[in-house]
Structures are given as structure tokens and as C-alpha cells.
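Input: a single structure, listed below in C-alpha cells.
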Amino acid sequence: ILLLFSFIISLLLPQCTHSFATQPSTQTPTSPSTIITPTDIHFPILYENEHLLAISKPPHIPHHDDPQSNQLGIISLLRHQQQQQSSFSYPHRLYGVHRLDRVTSGILLLAKSSDIANTLVNKFKEREVTKYYMAISGKKPRKKKQGWVKGDMVLGRRGSYKLVNESNKKEEEEEDGKRSNYAVTRFFTAGLGNVPLSPSLHPKEVENEEEEEQVSSTTPKTAILFQPHTGKTHQLRVAAKSVGLPILGDARYGGGRVRAAGDDDTTTTDADFDRTYLHAAAIQFEIDNEEVCIYSPPPFGHLFTSSSVLDDVFVGMMKKHCESDSILQHVDGRSML
């Protein structure tokens, strides 16, 4: 009777399973749906001094742990690697300073002490840090090719933001003491129509205009250089959408997914096509009377026949529009510190 009763109870109760990000994953680490584990990925150190270091953050990794997907954030992944004496060489505790969106790759600063972290956080807050991001859109400019995007970032449904333009509004303290979510971004563009695409991206033949438009919007058309003057969640992605240039691969804001020619059946490739093409490429600031300047070119070369061709486009944009002489010295030499 007891056995029968236990069997009936087991059928009525909900079944629970636990999945942890620290377990080995059989999925491709670069897929957006993948649970990335500490052993899946390498974090190159781009710059290091006595106060801080900068790593190259890959896409698809959140800043904080994500309980819903059981995915570790960037800080937790680094701590696991440190404990396992992996290829990440710095053994001591690191402190977060700023964030990059899950989909964004590029330069991420980490402080070696809480005091330095607080100092750097204040520098970001007071706009004493110069930043440049590079992106690609599958659209051509229809509104304007360069300019400013200003407005309030308003949170909408399902975690997406929208921009509410108020051209004469200044960022100020609200009555409850919290800062408004006013965002300021400067952007520049360059056409990519003359840059030969990778053979992996040559679109298949299409049967109707609707399919042709869909295929066309998921191949590179425009290079974008962003200079954010504020640091709001999804700021650059929303700015790009607001000027009609959604970032390639950014499905949340209408960018469309990049598909290789044989994505569905035959062709295989090591390149990570399935990503959002937004990269934190340059940063410059001073700390303790020492200038820190880092440049990291975007890893988008697999979209084209030669990565150097795309590099030339972005280098030309930086030489024309970058306001930091220190960054330009590194861009001109195409070096990474």
C-alpha cells in the first residue's frame, strides 16, 4: 500500500531539474542561446597597469549572472578561470567598472581594487572617458549620414527601449534624486557597397521581392562609428534604430540575423556570423596623472573577402572624426595596448 501511495504521489508532484552553467556544454560557445562555461572561452588582456586591466569581451556574455538561463556573467566566468589557473593570467580579485550589453564585444575595463573602481565609475559618470564604438548595419542611410541622437530612453515591453526625442532637454536630477535616462550619442557613417563580401555571404537566388528585401537587409551595407556621451542601457542600439540604421544581427531592434550561404544545410565555418555587429573599439582617460588609451579593431572581417579592407574603412572614419589624438596614434598604427 505504501509503495502504491508513493507511486501515485510521484505522478502528481511536478518534476524539477537543475542545470548549472558550470557544467560542460556541448553547444557552440558563440551561439546566443548557449550557456557559456568557464572553459569555453578565452579573455585576452588588451592592457594592464598597476590599477586596472582591460579585456576583450566576446559577444553573447552578460555582465551579471543570468538566473533565467543559468548563464554566468563576465565577472563570474573570470573568477572561475582564475580559480582553475587557466589561461587568464591575473590571479587576484577584479572589480567591475562599466558594462557592455550581452550582445556587444570589445574593450571592458576591470579595476584591481575597490578604490580604483569607484574612481573609474565617477569618471564615466562625469563624462571624463572618451569612447568609440564600431558597428555595421544592413541598411543604407535614409534620414541622415551623421549627426546627434538625443532623447529619453523609455523602457517598453519585453525589455526593449525606445527613444523619446526632446531636443531642448538637458540631463538633470529628478525630484526623487534619480538621474533621468537622457541619452546623447554622436554617429558617423560610411557606405560598404564597394567592399566585396565574403563568399559565405553571397545570397542565394530569391523568388520574390519580399524575400529579396529580407536577404538584402541581412548583408552589410553601412559602417557606423558611434561616440556615446552618456552610458545608458541599449543606448547605441536604440540610436541606430532611431536613424533607420538598425545594427546587423540585432534582432531585438530590427537588425535581422546574418546567415552564411550554407547556413541551413551544407557549408560549415568557424566564423561567428550569428551575432550583433557592435564592438567597443577605443577608450581613453587619465588616472593618477597617467593616460590610458586602448584600441581594439572590430572582429567583423569574416563578413568580407579581406579583413584589412574593413579595417581601412573604420581607420578612415576614425582619422576623419575622432577627437582624441592619443586614440588616433593607436588607430594609425593599428596597434592594441
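Going by the C-alpha cells order, chains are called A, B, ..., each with residues numbered from 1, while ligands are numbered from 1 in the order shown.
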Spatial neighbours of segment 43-55 of chain A, 9 Å, only C-alpha atoms, chain gap at least 6 places, as a PyMOL selection string: chain A and resi 78+87-89+94+106-113+116-117+287+292-296+336-337
All residues 6 Å or closer to Gly151 of chain A, only C-alpha atoms, same chain fewer than 4 positions away omitted, as a list of chain:residue names: A:Leu163, A:Val164, A:Asn165, A:Glu166, A:Tyr182, A:Ala183
Residue list (strand (DSSP E), DSSP) for segment 58-305 of chain A, as a PyMOL selection string: chain A and resi 95-96+105-111+130-137+146-155+161-164+182-191+222-228+278-287+290-295
Which residue of A:Lys131, A:His279, A:Arg257, A:His321 approaches Gln227 of chain A most closely, using only C-alpha atoms: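 For Gln227 of chain A, the nearest of the candidates is A:Lys131.
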Two-atom distance - atom CA of Val129 of chain A, atom CA of Met317 of chain A (Å): 19.8 Å
Shell of 10 Å around segment 243-247 of chain A, only C-alpha atoms, local chain residues under 4 positions omitted, as a ChimeraX atom specification: /A:135-149,187,189,217-218,220-224,236-239,251-257,276-278
Nearest-residue call for Arg99 of chain A, choices A:Ser326, A:Arg275, A:Ala282, A:Lys232, using only C-alpha atoms: A:Lys232
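Residues with any atom within 12 Å of Ser307 of chain A, counting only C-alpha atoms and excluding same-chain neighbours fewer than 3 positions away, are Val195, Pro196, Leu197, Ser198, Pro297, Pro298, Pro299, Phe300, Gly301, His302, Leu303, Phe304, Leu310, Asp311, Asp312, Val313 and Phe314 of chain A.
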Would you write out those residues with N, CA, C and O atoms, as a PDB file, in the first residue's frame?
```
ATOM      1  N   VAL A 195      32.793  47.323 -50.894  1.00  0.00           N
ATOM      2  CA  VAL A 195      33.630  46.356 -50.182  1.00  0.00           C
ATOM      3  C   VAL A 195      33.133  44.949 -50.505  1.00  0.00           C
ATOM      4  O   VAL A 195      31.988  44.613 -50.189  1.00  0.00           O
ATOM      5  N   PRO A 196      33.963  44.111 -51.140  1.00  0.00           N
ATOM      6  CA  PRO A 196      33.499  42.776 -51.560  1.00  0.00           C
ATOM      7  C   PRO A 196      33.142  41.899 -50.360  1.00  0.00           C
ATOM      8  O   PRO A 196      33.909  41.801 -49.400  1.00  0.00           O
ATOM      9  N   LEU A 197      31.969  41.264 -50.435  1.00  0.00           N
ATOM     10  CA  LEU A 197      31.525  40.388 -49.358  1.00  0.00           C
ATOM     11  C   LEU A 197      32.231  39.044 -49.415  1.00  0.00           C
ATOM     12  O   LEU A 197      32.691  38.590 -50.466  1.00  0.00           O
ATOM     13  N   SER A 198      32.294  38.392 -48.253  1.00  0.00           N
ATOM     14  CA  SER A 198      32.801  37.030 -48.184  1.00  0.00           C
ATOM     15  C   SER A 198      31.940  36.108 -49.033  1.00  0.00           C
ATOM     16  O   SER A 198      30.714  36.276 -49.098  1.00  0.00           O
ATOM     17  N   PRO A 297      40.400  46.826 -32.855  1.00  0.00           N
ATOM     18  CA  PRO A 297      39.587  46.825 -34.083  1.00  0.00           C
ATOM     19  C   PRO A 297      38.454  45.805 -33.997  1.00  0.00           C
ATOM     20  O   PRO A 297      38.581  44.777 -33.334  1.00  0.00           O
ATOM     21  N   PRO A 298      37.339  46.062 -34.656  1.00  0.00           N
ATOM     22  CA  PRO A 298      36.207  45.137 -34.590  1.00  0.00           C
ATOM     23  C   PRO A 298      36.499  43.827 -35.324  1.00  0.00           C
ATOM     24  O   PRO A 298      37.086  43.837 -36.409  1.00  0.00           O
ATOM     25  N   PRO A 299      36.090  42.697 -34.756  1.00  0.00           N
ATOM     26  CA  PRO A 299      36.340  41.384 -35.385  1.00  0.00           C
ATOM     27  C   PRO A 299      35.251  41.014 -36.385  1.00  0.00           C
ATOM     28  O   PRO A 299      34.583  39.987 -36.273  1.00  0.00           O
ATOM     29  N   PHE A 300      35.065  41.882 -37.376  1.00  0.00           N
ATOM     30  CA  PHE A 300      33.996  41.680 -38.358  1.00  0.00           C
ATOM     31  C   PHE A 300      34.544  41.268 -39.723  1.00  0.00           C
ATOM     32  O   PHE A 300      33.803  41.229 -40.706  1.00  0.00           O
ATOM     33  N   GLY A 301      35.830  40.996 -39.797  1.00  0.00           N
ATOM     34  CA  GLY A 301      36.464  40.764 -41.090  1.00  0.00           C
ATOM     35  C   GLY A 301      35.922  39.571 -41.846  1.00  0.00           C
ATOM     36  O   GLY A 301      36.024  39.518 -43.085  1.00  0.00           O
ATOM     37  N   HIS A 302      35.327  38.592 -41.142  1.00  0.00           N
ATOM     38  CA  HIS A 302      34.828  37.395 -41.819  1.00  0.00           C
ATOM     39  C   HIS A 302      33.630  37.689 -42.720  1.00  0.00           C
ATOM     40  O   HIS A 302      33.222  36.836 -43.507  1.00  0.00           O
ATOM     41  N   LEU A 303      33.066  38.907 -42.619  1.00  0.00           N
ATOM     42  CA  LEU A 303      31.953  39.276 -43.499  1.00  0.00           C
ATOM     43  C   LEU A 303      32.428  39.656 -44.901  1.00  0.00           C
ATOM     44  O   LEU A 303      31.614  39.760 -45.815  1.00  0.00           O
ATOM     45  N   PHE A 304      33.727  39.868 -45.047  1.00  0.00           N
ATOM     46  CA  PHE A 304      34.261  40.397 -46.298  1.00  0.00           C
ATOM     47  C   PHE A 304      35.388  39.510 -46.810  1.00  0.00           C
ATOM     48  O   PHE A 304      35.890  38.640 -46.094  1.00  0.00           O
ATOM     49  N   LEU A 310      37.930  46.107 -44.454  1.00  0.00           N
ATOM     50  CA  LEU A 310      37.033  46.711 -43.474  1.00  0.00           C
ATOM     51  C   LEU A 310      37.816  47.573 -42.485  1.00  0.00           C
ATOM     52  O   LEU A 310      37.365  48.654 -42.095  1.00  0.00           O
ATOM     53  N   ASP A 311      38.989  47.095 -42.086  1.00  0.00           N
ATOM     54  CA  ASP A 311      39.840  47.887 -41.190  1.00  0.00           C
ATOM     55  C   ASP A 311      40.124  49.256 -41.795  1.00  0.00           C
ATOM     56  O   ASP A 311      40.092  50.278 -41.098  1.00  0.00           O
ATOM     57  N   ASP A 312      40.407  49.276 -43.096  1.00  0.00           N
ATOM     58  CA  ASP A 312      40.694  50.545 -43.767  1.00  0.00           C
ATOM     59  C   ASP A 312      39.503  51.504 -43.686  1.00  0.00           C
ATOM     60  O   ASP A 312      39.675  52.715 -43.518  1.00  0.00           O
ATOM     61  N   VAL A 313      38.284  50.961 -43.794  1.00  0.00           N
ATOM     62  CA  VAL A 313      37.088  51.795 -43.719  1.00  0.00           C
ATOM     63  C   VAL A 313      36.983  52.441 -42.341  1.00  0.00           C
ATOM     64  O   VAL A 313      36.795  53.665 -42.214  1.00  0.00           O
ATOM     65  N   PHE A 314      37.125  51.636 -41.295  1.00  0.00           N
ATOM     66  CA  PHE A 314      36.988  52.173 -39.941  1.00  0.00           C
ATOM     67  C   PHE A 314      38.156  53.086 -39.567  1.00  0.00           C
ATOM     68  O   PHE A 314      37.965  54.095 -38.875  1.00  0.00           O
TER      69      PHE A 314
END
```
Distance criterion (only C-alpha atoms): nearest to Lys57 of chain A out of A:Arg93, A:Arg79, A:Arg102, A:Arg127: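 Nearest to Lys57 of chain A: A:Arg102.
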